[in-house]
Every structure is written in C-alpha cells, then in structure tokens.
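Data block below; observations after.
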Amino acid sequence: MLTFEASVRREQFELELAFEVGPGECLALAGPSGAGKTTTLAAVAGLVRPDRGRVACGDELWLDSERGIWVPPERRRCGYVFQDYALFGHLLAWQNVAYGLRLPRAERRRRACELLERFDAGALAERRPHTLSGGERQRVALARALARDPRAFLLDEPLSALDARTRAHAGRELVRLLGEAGVPAVLVTHDFEQAALLGDRVAVIDGGRVVQQASAADLVAAPASAFVADLTGSVVLMGRARRDDRGLTAIDLDGGGRIVSSEVGEGSVAAVVHPWEIALEPTGAPGGGSARNRLEVRVASVTPLGNRVRVGLLAPQPLTAELTPSAVDQLGLAPGAAVVATWKATATRLADR
Amino acid sequence: MRRRLFPLALVAALTLLLCFLTFPIAAIFVEVGPGSLVDALGEQSSLDALLLSLETSLLALALIVLVGTPAAWLLATRRFRGRDVLLTLVELPLVLPPAVAGIGLLAAFGPQGVFGGALDEAGVELVFETAGVVVALTFVASPFYVRQAVAAFESVDPSLLAASRTLGAGEARTFARVAVPTAFPSLVAGGALAWGRALGEFGATLVFAGSLQGITQTAPLAIFAEFATDFTGAIALSAVLVALSAAILFGVKLVARTGAPSVDV
C-alpha cells in the first residue's frame with residue numbers, strides 16, 4: 001500500500017494531493033499539462049521535497065514532515081519510468097539496466113540481460129540508446145526500472161513518446177508488467193484513453209488538486225464537472241438550466257441555441273454528451289425522430305480514427321460527433337457542409353461548470 | 001544581380017577574416033626552414049622552455065580540473081542567493097589584463113604580500129620558482145574551464161540525474177557516473193581552452209614568477225627573450241608552439257566527436 005498526502009508550494013503553483021494505491025493496483029493521475037502530475041510523481045520518488053505531508057510505502061515511512069522524516073530518492077527503491085525514458089546515452093542498453101544492480105561484477109551483466117529478455121529486448125543489450133526506436137527504449141527503461149525490485153512503480157506518460165502503431169503493443173506489455181509486479185503503481189498522463197487503458201482507477205487532477213477519483217467508466221458515465229467531462233472526451237456545452245413544463249430541464253446555451261435534458265439542474269450548468277450519442281442529418285430532413293435535441297451546425301473537420309470517424313462541428317459552442325465511415329460517405333460530409341446534429345434528452349447529462 | 005550582393009559580401013568577410021588570422025601563422029612556417037627549426041630546438045634554452053611550458057601548463061590543468069569540476073557542479077546544480085555574483089567572480093580573471101593578474105598575485109602571495117608571511121613560514125616559495133608559474137597559469141586559465149563546465153553541467157538533462165537517483169545512486173555517485181560522462185565532451189573542450197590559454201600565458205607569469213631559464217622561463221617568455229637577440233630562434237620556437245596548440249585543438253575536436261569512453265559502471 002502506497003499512501004501519499006502532501007502539499008508542494010512553488011511560485012505561482014500549489015499542489016495539495018492525497019491518494020492511496022494498493023499492491024498490484026495502478027492509479028492513473030490524469031490532467032492537463034501544468035496540473036502537477038509530474039511534480040506528484042517526483043514527490044513520491046523523493047526527487048521533490050514537499051513542504052508538508054506524509055508518504056508511506058508498505059511498512060516504510062518515506063516522508064513525515066511533522067516528525068522530520070525524509071528518505072532520499074536513492075533509498076526509496078521506486079521503479080521510475082521517465083517521460084522520455086532518460087536512458088544514459090554514454091552506456092549500452094545492458095549497462096543502463098545494470099546501473100541499479102548491486103551485484104558482483106560477473107553477475108550484473110547476466111542479470112541485466114535476463115531482465116532485457118523479459119521484455120524481448122535481449123538482442124538490444126549491446127546497443128546504444130540513441131540507436132534504439134521509441135518502443136525499444138521503453139523496453140530498456142522498463143527493464144531498468146524493474147532491476148532494483150521496486151517497492152512502487154512510477155510511470156510518467158509511458159506511452160506518449162511512442163507512435164500510434166507501437167503504442168497499443170507497448171500498452172499491453174505495460175499492463176502485463178504492472179499485473180506481474182504486484183506493487184503499487186502510479187501513472188500520470190494527459191491522455192484520458194491511456195489512463196483508462198492502464199489505470200484501475202483514475203484520479204483527475206486540475207490546478208494541483210484531485211477533482212474526481214473513480215474508475216474510468218464511472219468518470220465517463222458521471223463526470224463531476226465540465227472539466228472532467230471534457231477530459232474524458234465528452235462534448236461539453238455551457239448554458240443556463242431551468243425547469244420546463246414537461247418535467248425536463250431546458251438549457252439555454254451560451255451563445256445561442258436551446259437543448260433539453262432529462263436530468264435535473266438549475267442555473268449555470270454544463271451539458272455533457274458522448275460524441276457517439278450525436279447523430280447527423282441533412283438540413284432539409286423532416287426531423288420526425290425521437291431525438292429532442294436538434295442544433296444546426298457546420299462541419300469543421302473530418303478525422304478518421306480506426307473504424308470510426310470523428311467529425312468536428314461548429315455551432316456557437318463546438319461539438320464532436322463520432323460516426324461510422326459509411327455514414328460519413330452517405331451524408332457526403334466535408335468541411336463547410338451544413339448539417340443538423342441531433343441527440344436524445346436522455347443522453348444529455350448535467351454537471352457543474 | 002542585386003540579390004547576389006549580400007551572399008558575396010558574406011564570403012568576402014569570411015575570406016578577409018581567414019586571411020588575416022592565418023597569414024601570420026603561415027608566415028612563421030615560411031620564415032623558418034626545417035633546418036633552422038631543428039637547430040633552434042637543439043638549443044638548451046629552447047628545449048628547457050618547451051619542457052617547462054608543458055610541465056607547468058599540465059600541472060595547472062590538473063589543478064583546474066580537479067578543483068574546478070566539483071565547483072562547477074555546485075554552481076550549476078544549486079540555486080542560491082549570490083550565485084550570480086560568484087559566477088562573475090569566477091570569470092573575473094578573463095577580463096583582467098595579464099600584467100594586473102601578475103601584480104595581484106604578487107600582492108597576495110609575494111614576499112611582501114598579504115599571505116607572504118604565512119607562505120614563508122610554511123616554507124613555500126613561489127616568486128622566481130616553478131611553482132609560481134603553475135600558480136600564475138592556474139589563476140589566468142581556470143575561468144576558461146570553469147565557465148564551460150558550469151554550462152556543460154547545466155545542459156545535462158535533469159531527468160538523467162533524477163533517473164540515477166531513483167536507481168539507488170546518491171549525489172556523489174550520480175555526479176561521477178552520469179553527470180561527468182554525459183558532460184564529458186564539453187568538459188574536454190573547456191579543458192583544452194584552459195590548456196591553450198596556459199600554454200600561451202605571458203604577462204602574469206613574467207610579473208609574478210619572472211623569466212629564469214629552466215625555472216620560470218616558459219616558451220612564450222623564451223620567445224620574447226630570444227626575440228631581441230636571435231629572431232630565427234624566436235620564430236622556430238614560435239613554430240613549435242603553434243604546432244602544439246593546433247595539435248591540442250584538433251585532438252579535442254576528435255575526442256569531442258567520439259564522446260565519452262564507455263566504462264562499465
């Protein structure tokens with residue numbers, strides 16, 4: 001069990017965070033850059049000294065500001081995987097892995113190669129880091145982080161330095177590793193999809209504070225705020241809510257337009273819709289469907305993503321719809337086209353702004 | 001036509017600069033034939049001066065690197081009040097006229113100097129001694145190394161240092177195993193600059209240590225001494241010094257290109 005509770009004060013920045021991670025569990029800290037994610041990891045590892053707080057891992061106390069306890073990073077045994085992997089350029093791959101090993105000379109090389117083997121990277125042992133691809137570097141970095149039998153795993157944007165093709169494979173490898181290691185893991189990422197893929201739980205961080213902590217599915221289903229909804233990739237529309245006469249909530253959108261929601265809300269709210277709940281129709285269509293919400297919009301961008309197409313829409317507030325490629329072809333969607341975006345009142349959730 | 005004018009001006013400027021910088025050096029080799037070069041080197045005074053130059057400049061370099069490297073690491077990795085002032089103080093000898101440096105050294109370590117009495121009691125003599133040459137060279141040349149070393153350590157990726165710490169290495173081990181090897185090419189370049197400056201040092205050495213053949217008369221001092229009596233000899237010794245300096249410069253470029261030696265940590 002890793003327990004963290006600390007505050008770090010810097011110029012124009014304040015971090016005040018608390019979380020717990022069980023053995024074998026992975027907590028993903030998700031948030032925009034500048035939210036304090038990397039500072040948090042550094043504070044767990046002891047690379048940043050919090051002004052106040054308490055950090056404990058297993059039966060070891062790493063920081064207790066009240067009792068004046070501070071364990072330096074080299075005695076915490078954290079398996080830290082840095083954002084750009086931070087491999088030592090003057091050492092070969094196996095020497096990078098061996099750096100943290102405290103073994104007799106003859107055994108160090110054998111053990112380092114064993115660790116590389118675990119990540120199918122045995123063939124890279126004699127290579128220099130700058131000759132390795134992003135995926136290969138990650139494998140060496142993981143082997144190196146594992147070398148000291150870490151008490152906790154700390155991963156900073158572990159997949160961001162990889163191209164989309166290697167990312168899926170590297171992600172699976174990471175999930176396997178985290179499962180095998182059986183120690184608490186903390187991962188930080190600005191990408192909610194990566195947080196959802198790798199984290200058992202996701203803590204959304206903004207301005208140095210946890211704004212919501214739940215499973216990725218729960219965050220998507222019930223975001224506590226417009227910020228969380230936006231991070232999970234939902235469409236967020238700001239407006240003012242009031243009760244209408246049919247028991248629904250009517251929202252007058254900032255900048256124009258009105259939508260309805262089956263959820264209850266009052267005053268200033270954020271209406272949240274999943275992009276895949278939004279359907280597009282030609283402008284002249286009769287509009288006799290069950291969808292209560294209809295907004296006239298203009299197509300801004302059409303971006304294929306695997307088997308889906310993400311369509312960016314311009315209205316007073318921007319929207320995103322996810323469609324199948326065949327639907328895009330059938331509607332002849334291209335930037336500039338005028339269409340009607342529709343979705344149901346029951347697909348419109350309300351959150352705090 | 002007009003738009004070709006600027007590139008032509010650039011080329012002309014570079015040509016002028018190169019000519020001006022290389023002509024005097026080339027002229028030295030034109031003036032001195034291979035025969036007189038060997039003759040001049042055969043002279044005891046020239047040989048003494050060259051050996052003394054090598055000995056004192058290498059000693060000074062060793063001192064500078066030994067003390068300057070950890071000092072530069074401190075300046076590069078810590079942020080504290082007065083750091084800028086310290087950096088400026090370290091660089092001060094760069095802008096000091098060498099003769100002033102020599103007078104300063106005399107005022108501090110000379111027989112009548114501030115620390116003169118203490119040195120005398122300790123049995124250390126610097127003025128008119130080889131040790132005094134080393135002190136003068138160290139004083140004048142150290143900023144060239146320290147400046148470069150501070151910049152080199154500052155440009156080491158902080159995540160490399162952090163990685164080393166999380167892998168169980170304390171600060172001393174991180175410094176020796178990661179920071180120095182990573183900054184190695186820049187450190188070598190700084191060392192070469194300092195060495196080159198020490199080899200050519202004239203003013204501070206003359207004022208502080210004098211020009212005694214075999215004891216404090218380094219190659220530049222010997223060239224100046226011979227210049228009045230034996231121009232050919234002065235030129236021959238100059239040629240050797242030029243060759244030596246050029247060899248240092250090219251050697252360093254070579255080392256900087258191949259990078260730090262890979263050592264099993």
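Chain labels follow the order of the structure tokens: the first chain is A, the next B, and so on; residue numbering restarts at 1 in every chain, and ligands are counted from 1 in their shown order.
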For A:Leu47, list every protein, DNA or RNA residue within 8 Å, evaluated using only C-alpha atoms, and leave out those in the same chain fewer than 2 positions away; present the list as number ranges by chain. A: 42-45, 49, 72-73; B: 162
Fewer than 2 positions away in the same chain doesn't count, so skip those; otherwise give me all residues within 7 Å of stretch 166-176 of chain B, counting only C-alpha atoms, as a count of residues only. 15
Of the candidates A:Asp84, A:Asp163, A:Asp245, A:Asp200, which shows the shortest atom-to-atom distance to chain B, using only C-alpha atoms?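 For chain B, the nearest of the candidates is A:Asp84.
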Under the rule that only C-alpha atoms are counted, which of A:Leu198, A:Arg128, A:Glu180, A:Ala147 is the nearest residue to A:Arg167?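 Ranking A:Leu198, A:Arg128, A:Glu180, A:Ala147 by distance to A:Arg167, first place goes to A:Leu198.
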Considering only C-alpha atoms, return as an MDAnalysis selection string whatever protein or nucleic-acid residues lie within 9 Å of B:Phe202, sequence-local ones (same chain, fewer than 4 positions apart) excluded. chainID B and resid 98:99 198 206:207 218:221
I need the residues from that last selection saved to file as a PDB file, in the first residue's frame (with C-alpha atoms), if you can.
```
ATOM      1  CA  PRO B  98      47.561  39.591 -17.514  1.00  0.00           C
ATOM      2  CA  ALA B  99      50.058  42.060 -16.025  1.00  0.00           C
ATOM      3  CA  ALA B 198      48.007  28.374 -20.046  1.00  0.00           C
ATOM      4  CA  LEU B 206      56.570  37.372 -16.149  1.00  0.00           C
ATOM      5  CA  VAL B 207      55.353  39.708 -13.407  1.00  0.00           C
ATOM      6  CA  THR B 218      58.191  29.163 -20.274  1.00  0.00           C
ATOM      7  CA  ALA B 219      58.117  29.021 -24.077  1.00  0.00           C
ATOM      8  CA  PRO B 220      56.350  32.378 -24.569  1.00  0.00           C
ATOM      9  CA  LEU B 221      58.883  34.037 -22.217  1.00  0.00           C
TER      10      LEU B 221
END
```
